[in-house]
Structure formats: structure tokens, C-alpha cells
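*Asks:* Pasting input.cif here (mmCIF, C-alpha atoms):
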data_input
loop_
_atom_site.label_atom_id
_atom_site.label_comp_id
_atom_site.auth_asym_id
_atom_site.auth_seq_id
_atom_site.Cartn_x
_atom_site.Cartn_y
_atom_site.Cartn_z
CA ALA A 82 104.42 108.40 118.72
CA CYS A 83 101.85 106.50 116.67
CA HIS A 84 98.47 106.36 118.37
CA GLY A 85 96.31 104.67 115.73
CA ARG A 86 96.76 102.12 112.99
CA PRO A 87 99.72 102.93 110.71
CA VAL A 88 98.97 104.04 107.15
CA LEU A 89 101.53 104.13 104.33
CA CYS A 90 101.09 105.73 100.88
CA VAL A 91 103.63 106.06 98.07
CA ASP A 92 103.50 108.10 94.87
CA GLN A 93 105.91 108.94 92.07
CA THR A 94 106.59 112.25 90.34
CA LEU A 95 108.23 112.10 86.92
CA GLU A 96 109.91 114.82 84.90
CA GLY A 97 108.06 115.26 81.63
CA VAL A 98 104.87 113.75 83.08
CA HIS A 99 104.13 115.62 86.31
CA PHE A 100 106.43 118.61 85.83
CA ASP A 101 108.27 120.17 82.90
CA PRO A 102 112.05 120.54 82.67
CA GLY A 103 113.02 123.93 84.06
CA THR A 104 110.30 123.98 86.73
CA ASP A 105 111.33 125.61 90.02
CA PRO A 106 112.84 122.68 91.97
CA ARG A 107 111.23 123.77 95.22
CA LEU A 108 107.82 123.52 93.54
CA VAL A 109 108.81 120.09 92.21
CA GLY A 110 109.61 118.92 95.73
CA ARG A 111 106.43 120.36 97.16
CA LYS A 112 104.34 118.68 94.48
CA ALA A 113 106.09 115.33 94.93
CA ALA A 114 105.40 115.38 98.66
CA ALA A 115 101.86 116.68 98.22
CA ARG A 116 100.93 113.86 95.84
CA ALA A 117 101.76 111.22 98.45
CA LEU A 118 100.26 113.26 101.27
CA SER A 119 97.03 113.69 99.29
CA ASP A 120 96.73 109.91 99.05
CA LEU A 121 97.28 109.77 102.81
CA ALA A 122 94.62 112.44 103.36
CA ALA A 123 92.09 110.25 101.55
CA THR A 124 92.43 107.71 104.39
CA ALA A 125 91.58 110.42 106.98
CA ALA A 126 94.93 109.69 108.61
CA ARG A 127 97.12 112.08 110.56
CA PRO A 128 100.47 112.66 108.73
CA ARG A 129 103.68 111.87 110.60
CA ALA A 130 106.61 111.65 108.19
CA ILE A 131 107.73 111.31 104.58
CA LEU A 132 110.64 109.57 102.83
CA VAL A 133 112.01 110.80 99.49
CA ALA A 134 113.86 108.67 96.93
CA LEU A 135 115.25 110.76 94.07
CA ALA A 136 117.06 109.61 90.93
CA ALA A 137 118.57 112.24 88.62
CA PRO A 138 121.19 112.46 85.86
CA ARG A 139 124.81 112.90 87.01
CA GLU A 140 124.93 116.49 85.70
CA THR A 141 122.09 117.59 88.01
CA SER A 142 123.40 120.18 90.47
CA SER A 143 123.44 119.56 94.19
CA LYS A 144 121.67 122.91 94.63
CA TRP A 145 118.75 121.67 92.48
CA ILE A 146 118.46 118.49 94.51
CA GLU A 147 118.69 120.38 97.81
CA SER A 148 115.88 122.68 96.64
CA VAL A 149 113.66 119.70 95.76
CA LEU A 150 114.25 118.21 99.22
CA ALA A 151 113.62 121.58 100.90
CA GLY A 152 110.34 121.88 99.02
CA ALA A 153 109.28 118.38 100.03
CA ARG A 154 110.16 119.08 103.67
CA SER A 155 108.24 122.38 103.68
CA MET A 156 105.11 120.65 102.36
CA ALA A 157 105.38 117.91 104.97
CA GLN A 158 105.92 120.38 107.79
CA GLU A 159 102.89 122.43 106.79
CA HIS A 160 100.80 119.35 107.59
CA GLY A 161 102.47 118.38 110.85
CA ALA A 162 104.95 115.86 109.41
CA ASP A 163 108.63 116.01 108.43
CA LEU A 164 111.11 114.62 105.93
CA VAL A 165 112.93 111.94 107.90
CA GLY A 166 115.05 110.16 105.29
CA GLY A 167 115.27 108.69 101.83
CA ASP A 168 117.78 107.91 99.10
CA LEU A 169 119.58 109.66 96.24
CA ALA A 170 120.87 108.01 93.08
CA CYS A 171 122.39 108.92 89.71
CA ALA A 172 120.46 107.54 86.76
CA ARG A 173 120.25 108.18 83.06
CA GLY A 174 117.20 109.89 81.67
CA ARG A 175 114.76 112.16 83.42
CA VAL A 176 114.35 112.96 87.10
CA HIS A 177 112.28 110.43 89.05
CA ILE A 178 111.04 111.16 92.59
CA ALA A 179 109.22 108.66 94.80
CA VAL A 180 107.71 109.85 98.08
CA THR A 181 106.38 107.60 100.82
CA ALA A 182 104.05 109.24 103.34
CA PHE A 183 103.50 107.72 106.77
CA GLY A 184 100.59 108.49 109.10
CA ASP A 185 98.22 106.95 111.58
CA THR A 186 94.47 106.65 111.89
CA ILE A 187 92.41 108.67 114.35
CA GLY A 188 89.63 107.12 116.42
CA LYS A 189 88.24 103.60 116.32
CA ARG A 190 86.14 103.73 113.15
CA PRO A 191 87.60 101.99 110.07
CA PRO A 192 89.31 104.52 107.81
CA PRO A 193 87.65 105.45 104.52
CA ALA A 194 88.89 103.59 101.45
CA ARG A 195 88.19 103.07 97.75
CA ASP A 196 86.32 99.80 98.37
CA ARG A 197 83.92 101.19 100.99
CA VAL A 198 81.25 102.97 98.94
CA ARG A 199 77.83 101.64 100.05
CA LEU A 200 74.56 101.42 98.12
CA GLY A 201 72.37 104.49 98.57
CA GLN A 202 75.19 106.76 99.70
CA ALA A 203 75.61 110.25 98.30
CA ILE A 204 78.78 111.12 96.40
CA VAL A 205 80.42 114.44 97.32
CA ILE A 206 83.43 116.42 96.13
CA THR A 207 85.32 118.93 98.26
CA GLY A 208 85.88 121.61 95.61
CA PRO A 209 85.92 122.65 91.95
CA VAL A 210 87.91 120.70 89.36
CA GLY A 211 89.45 121.12 85.91
CA GLY A 212 92.17 123.23 84.32
CA SER A 213 94.89 122.35 86.84
CA ARG A 214 97.53 122.44 84.09
CA LEU A 215 97.35 126.25 84.17
CA GLY A 216 99.44 126.10 87.34
CA ARG A 217 97.47 124.46 90.15
CA HIS A 218 99.12 121.11 89.35
CA LEU A 219 102.26 122.49 91.00
CA ARG A 220 100.44 123.86 94.05
CA ILE A 221 98.55 120.89 95.44
CA GLN A 222 96.97 121.23 98.87
CA PRO A 223 96.25 117.85 100.53
CA ARG A 224 92.80 118.00 102.11
CA PHE A 225 93.53 116.52 105.54
CA ASP A 226 91.03 118.66 107.45
CA ALA A 227 88.22 117.94 105.01
CA ALA A 228 88.97 114.21 105.01
CA ARG A 229 88.87 113.91 108.79
CA ALA A 230 85.73 116.05 109.03
CA LEU A 231 83.89 113.98 106.39
CA HIS A 232 85.00 110.73 107.98
CA ALA A 233 83.77 111.93 111.36
CA ILE A 234 80.24 112.43 110.01
CA GLY A 235 79.99 109.15 108.15
CA ALA A 236 82.13 109.04 105.00
CA THR A 237 83.18 105.47 104.19
CA GLY A 238 84.45 105.60 100.58
CA MET A 239 87.09 108.17 99.68
CA MET A 240 89.92 108.95 97.25
CA ASP A 241 91.65 112.01 95.86
CA VAL A 242 91.14 113.24 92.30
CA SER A 243 94.50 112.81 90.60
CA ASP A 244 93.83 111.19 87.21
CA GLY A 245 90.60 113.00 86.34
CA LEU A 246 87.27 113.16 88.15
CA ALA A 247 85.53 110.74 85.77
CA PHE A 248 88.32 108.15 85.78
CA ASP A 249 88.67 108.30 89.55
CA LEU A 250 84.90 107.98 90.09
CA PHE A 251 84.96 105.02 87.69
CA ARG A 252 87.72 103.40 89.76
CA LEU A 253 85.82 104.13 92.97
CA ALA A 254 82.74 102.40 91.51
CA ARG A 255 84.76 99.46 90.20
CA THR A 256 86.62 98.86 93.47
CA SER A 257 83.43 99.13 95.55
CA LYS A 258 81.35 97.10 93.06
CA VAL A 259 78.62 99.73 92.72
CA ARG A 260 77.16 101.97 90.03
CA ILE A 261 77.94 105.65 90.57
CA GLU A 262 75.65 108.20 88.93
CA ILE A 263 76.65 111.85 88.87
CA GLU A 264 74.66 114.85 87.69
CA LEU A 265 76.82 116.88 85.34
CA SER A 266 75.01 120.08 86.34
CA ARG A 267 76.19 119.58 89.94
CA VAL A 268 79.88 119.09 89.17
CA PRO A 269 81.75 122.21 90.38
CA VAL A 270 83.78 123.53 87.44
CA HIS A 271 86.94 125.46 88.33
CA ALA A 272 87.52 128.87 86.74
CA ASP A 273 90.74 127.44 85.28
CA ALA A 274 88.66 124.88 83.37
CA ARG A 275 86.63 127.68 81.84
CA ARG A 276 89.79 129.59 80.91
CA LEU A 277 91.30 126.51 79.31
CA ALA A 278 88.07 125.80 77.43
CA ARG A 279 88.19 129.28 75.89
CA LYS A 280 91.70 128.48 74.64
CA ASP A 281 91.17 125.00 73.21
CA GLY A 282 87.46 125.01 72.31
CA ARG A 283 86.53 122.10 74.57
CA ASN A 284 83.56 122.23 76.91
CA PRO A 285 84.50 123.33 80.49
CA ILE A 286 82.76 120.22 81.87
CA TRP A 287 85.10 118.05 79.76
CA HIS A 288 88.06 119.65 81.51
CA ALA A 289 86.37 119.22 84.90
CA LEU A 290 85.84 115.52 84.22
CA HIS A 291 89.16 114.66 82.63
CA ASP A 292 92.05 117.03 83.36
CA GLY A 293 93.07 115.57 86.73
CA GLU A 294 95.65 116.71 89.27
CA ASP A 295 93.00 118.64 91.20
CA HIS A 296 93.58 116.62 94.38
CA GLU A 297 90.18 117.45 95.76
CA LEU A 298 88.52 114.55 97.58
CA ILE A 299 85.58 112.49 96.39
CA ALA A 300 83.72 110.67 99.14
CA SER A 301 80.61 108.62 99.79
CA MET A 302 78.39 109.05 102.84
CA PRO A 303 74.77 108.72 103.96
CA PRO A 304 72.55 111.32 102.22
CA ARG A 305 71.68 113.18 105.45
CA ALA A 306 75.34 113.45 106.37
CA ALA A 307 76.09 114.76 102.88
CA LEU A 308 73.44 117.47 103.24
CA SER A 309 74.95 118.47 106.57
CA ALA A 310 78.42 118.54 105.03
CA ALA A 311 77.24 120.72 102.13
CA ARG A 312 75.90 123.25 104.63
CA ARG A 313 79.03 123.21 106.78
CA PHE A 314 81.89 123.12 104.27
CA SER A 315 82.41 125.86 101.69
CA GLY A 316 82.99 124.47 98.21
CA LEU A 317 81.71 120.97 98.93
CA GLU A 318 79.05 119.73 96.51
CA ILE A 319 76.80 116.67 96.37
CA ILE A 320 77.23 115.40 92.83
CA GLY A 321 75.62 111.96 92.74
CA ARG A 322 74.59 108.67 94.29
CA ALA A 323 75.81 105.07 94.55
CA LYS A 324 73.37 102.46 93.25
CA ALA A 325 73.25 98.78 92.42
CA GLY A 326 75.08 97.97 89.21
CA SER A 327 78.49 98.89 87.85
CA GLY A 328 80.42 101.68 86.22
CA LEU A 329 80.19 105.46 86.15
CA TRP A 330 77.07 107.02 84.63
CA LEU A 331 76.73 110.68 83.68
CA LEU A 332 73.29 112.31 83.92
CA ASP A 333 72.51 115.31 81.73
CA GLU A 334 70.08 118.07 82.66
CA SER A 335 67.11 116.04 81.42
CA GLY A 336 68.11 113.10 83.61
CA ARG A 337 69.26 110.87 80.76
CA ALA A 338 72.09 108.56 81.82
CA LYS A 339 75.13 107.79 79.68
CA ARG A 340 77.73 105.23 80.67
CA TRP A 341 81.20 106.76 80.85
CA ARG A 342 83.84 104.97 78.80
CA ARG A 343 87.50 104.81 79.66
CA THR A 344 88.42 106.13 76.19
CA GLU A 345 86.74 109.47 76.85
CA GLY A 346 89.60 111.00 78.86
CA GLY A 347 91.58 111.06 82.06
CA PHE A 348 95.19 110.05 82.67
CA GLU A 349 96.50 106.51 82.79
CA HIS A 350 100.22 105.64 82.74
CA GLY A 351 101.27 103.55 79.78
CA THR A 352 98.49 104.70 77.42
#
Could you write out this structure as C-alpha cells?

*Replies:*
Amino acid sequence: ACHGRPVLCVDQTLEGVHFDPGTDPRLVGRKAAARALSDLAATAARPRAILVALAAPRETSSKWIESVLAGARSMAQEHGADLVGGDLACARGRVHIAVTAFGDTIGKRPPPARDRVRLGQAIVITGPVGGSRLGRHLRIQPRFDAARALHAIGATGMMDVSDGLAFDLFRLARTSKVRIEIELSRVPVHADARRLARKDGRNPIWHALHDGEDHELIASMPPRAALSAARRFSGLEIIGRAKAGSGLWLLDESGRAKRWRRTEGGFEHGT
């Protein structure tokens, strides 16, 4: 039974983009479901069901496909939903999986959204970011509990970090028509970002800003609520503020602000 307003989210998972050929098909299915469920989590909705549409070359084994579907179902069930249907097709080229996640809102307050950041609100993130390509990109955990808890104490703007923290903050600012300033020293850098930086020579903060597929949540809320959240929730950090203006601005340790440019990093299909 659906008790609140219905919420629908859809996301695609592509072989060669989101997973490599030869990846454990159960992990592929879990990731495909988790990507859509993470979008649903960013609305503070309660998950109910998922649909999976999968296209694969004719030579793909039925066992591989069954493992993908089993993985997707297991991810849904871990969050109180289930795989209730979908579609299978033969197609040339690489595997293509589209997952639709269905849920409903809880309570009477409007759900958080990308266009609901308000001037003066604090910007928070639910955990460390960067370096997901070392393996976390296949083990996404949608943050339903965190989303509902933050919404309950005043979060209005929210999205998950899929295409890179900087790019997603930029999109949050653009959609809400505000300027978002973040302090680089406050951005929580994942240990994987530091490991990757030692391998490729980049700065760990670059990886934190641009790697993507972390699927932590970024949210906006009144400053007092953000302070309360930082005390209550392990891993959550206050990283910035929404102000009048436009774009994403990065503040260094001396407080100097630099406007972030789209060419600096992050993932965008078709580029």
C-alpha cells in the first residue's frame, strides 16, 4: 500500500561505463538497483519496488542474466522493496540495464529536491568521497536512513553524489539558482582517494571532488539543524553555505574563493 505521494526514479547502468566486462553479474545487478534506489533516497522516500529492463547480446548466458536479476532483487529487498517486473531483450553491443525505483513520501512536508536549496542554508555531506573506482563503485549503499533523518530536521535541498562532488554541487546550485561555497578543508576525503592519489600523483582533494560514484548525500538545511546533524550522525560534515549568486565556489584555507569550472572534472555522458 502507498501511504504518501508516489515517487519514481530511473537510472541506467552501462557495460564499459559503470562496470567492466567480466564483473561478477550479481554485483552488476546490485549496483544497477542501488543507483536508482540512491536517487530515490535523495527524495527521502520509502522504497517499495523496482523494475529492471535489461538488454544484452544474444550470446549472453541465461545464468549471467539470472545472476544480475538476483543481485538487483537482493539490493531492493535489503531496503524493504522488491523486484516486481521488467523486460529482457537481445541487442547488439554491450549490456544495458535500466532500473526504475518506486517509493512514496513520508509525512506531510514537501520532499527534498535539487531545486529547494535556500539562501543562508548550510551544505552538508553524509560521508567521505573520492576513490570509488578502487571497488566501492560496485558496492553502493543508498542512504535512506540518513535522507529521512536529515529531512525530518529541516533539509530541503538534496541529491546523491554520482557524477562527482563538485559537478553535483554545481548542478544543485544551478537548479536552485543560488551560489554554493564550500570550504575545501572541510570536505571529507575517503581513504580510497588518498590511495588513488599515491598511485596517479593527483591531489586527494581532486579525487574527492571529481571521481564520483560515491552515492553519499549532499543536502541543504538551516545552520542550526546542520550543527545538530553533525553531532548526531557519524561521518556527516558541514562543508559550506548557500548564498546569493550563482555557481559553485571553492574556498581554500585562506578563505580565497575560486569559481569551479565544468572543465575541471567530474563525469558527464557524451563528453

*Asks:* If you measure from CA of Gly321 in chain A to CA of Ala203 in chain A, what distance in Å do you get, rounded to one decimal?

*Replies:*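 Separation between CA of Gly321 in chain A and CA of Ala203 in chain A: 5.8 Å.
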
*Asks:* As a check of understanding, name the residues that the PyMOL selection byres ((chain A and resi 256-267) around 7) selects in the supplied structure, as number ranges by chain.

*Replies:* A: 195-198, 200, 252-255, 268-269, 320-334

*Asks:* Can you work out which one of A:Leu121, A:Ala311, A:Ala151, A:Ala179 has the shortest atom-to-atom distance to Pro192 in chain A, counting only C-alpha atoms?

*Replies:*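 Among the listed residues, A:Leu121 lies closest to Pro192 in chain A.
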
*Asks:* Which one of A:Arg129, A:Arg199, A:Arg337, A:Arg276 sits closest to Ala289 in chain A if you count only C-alpha atoms?

*Replies:*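 Closest to Ala289 in chain A, using only C-alpha atoms: A:Arg276.
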
*Asks:* Taking the file as I've supplied it (selection: the PyMOL selection byres ((chain A and resi 138) around 6)), which residues are included? Please answer as a ChimeraX atom specification.

*Replies:* /A:137,139-141,171-173

*Asks:* List, as a list in words, every residue that the PyMOL selection byres ((chain A and resi 216) around 12) selects in the file provided.

*Replies:* His99, Phe100, Asp101, Thr104, Leu108, Lys112, Gly211, Gly212, Ser213, Arg214, Leu215, Arg217, His218, Leu219, Arg220, Ile221, Asp273, Ala274, Leu277, Glu294 and Asp295 of chain A

*Asks:* Would you mind exporting the chosen residues as a PDB file, keeping the file's coordinate frame, restricted to C-alpha atoms?

*Replies:*
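Dumped to result.pdb:
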ATOM      1  CA  HIS A  99     104.130 115.620  86.310  1.00  0.00           C
ATOM      2  CA  PHE A 100     106.430 118.610  85.830  1.00  0.00           C
ATOM      3  CA  ASP A 101     108.270 120.170  82.900  1.00  0.00           C
ATOM      4  CA  THR A 104     110.300 123.980  86.730  1.00  0.00           C
ATOM      5  CA  LEU A 108     107.820 123.520  93.540  1.00  0.00           C
ATOM      6  CA  LYS A 112     104.340 118.680  94.480  1.00  0.00           C
ATOM      7  CA  GLY A 211      89.450 121.120  85.910  1.00  0.00           C
ATOM      8  CA  GLY A 212      92.170 123.230  84.320  1.00  0.00           C
ATOM      9  CA  SER A 213      94.890 122.350  86.840  1.00  0.00           C
ATOM     10  CA  ARG A 214      97.530 122.440  84.090  1.00  0.00           C
ATOM     11  CA  LEU A 215      97.350 126.250  84.170  1.00  0.00           C
ATOM     12  CA  ARG A 217      97.470 124.460  90.150  1.00  0.00           C
ATOM     13  CA  HIS A 218      99.120 121.110  89.350  1.00  0.00           C
ATOM     14  CA  LEU A 219     102.260 122.490  91.000  1.00  0.00           C
ATOM     15  CA  ARG A 220     100.440 123.860  94.050  1.00  0.00           C
ATOM     16  CA  ILE A 221      98.550 120.890  95.440  1.00  0.00           C
ATOM     17  CA  ASP A 273      90.740 127.440  85.280  1.00  0.00           C
ATOM     18  CA  ALA A 274      88.660 124.880  83.370  1.00  0.00           C
ATOM     19  CA  LEU A 277      91.300 126.510  79.310  1.00  0.00           C
ATOM     20  CA  GLU A 294      95.650 116.710  89.270  1.00  0.00           C
ATOM     21  CA  ASP A 295      93.000 118.640  91.200  1.00  0.00           C
TER      22      ASP A 295
END

*Asks:* Could you tell me how far CA of Ala114 in chain A lies from CA of Ala300 in chain A, in Å and to one decimal?

*Replies:*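 Separation between CA of Ala114 in chain A and CA of Ala300 in chain A: 22.2 Å.
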
*Asks:* Looking at all atoms listed in the file, which of A:Ala227, A:Gly336, A:Trp287, A:Arg275 is the one that sits closest to Leu317 in chain A?

*Replies:*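 Comparing A:Ala227, A:Gly336, A:Trp287, A:Arg275 against Leu317 in chain A, the winner is A:Ala227.
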
*Asks:* For CA of Lys144 in chain A and CA of Asp105 in chain A, determine how far apart the two atoms are, in Å to one decimal place.

*Replies:* 11.6 Å
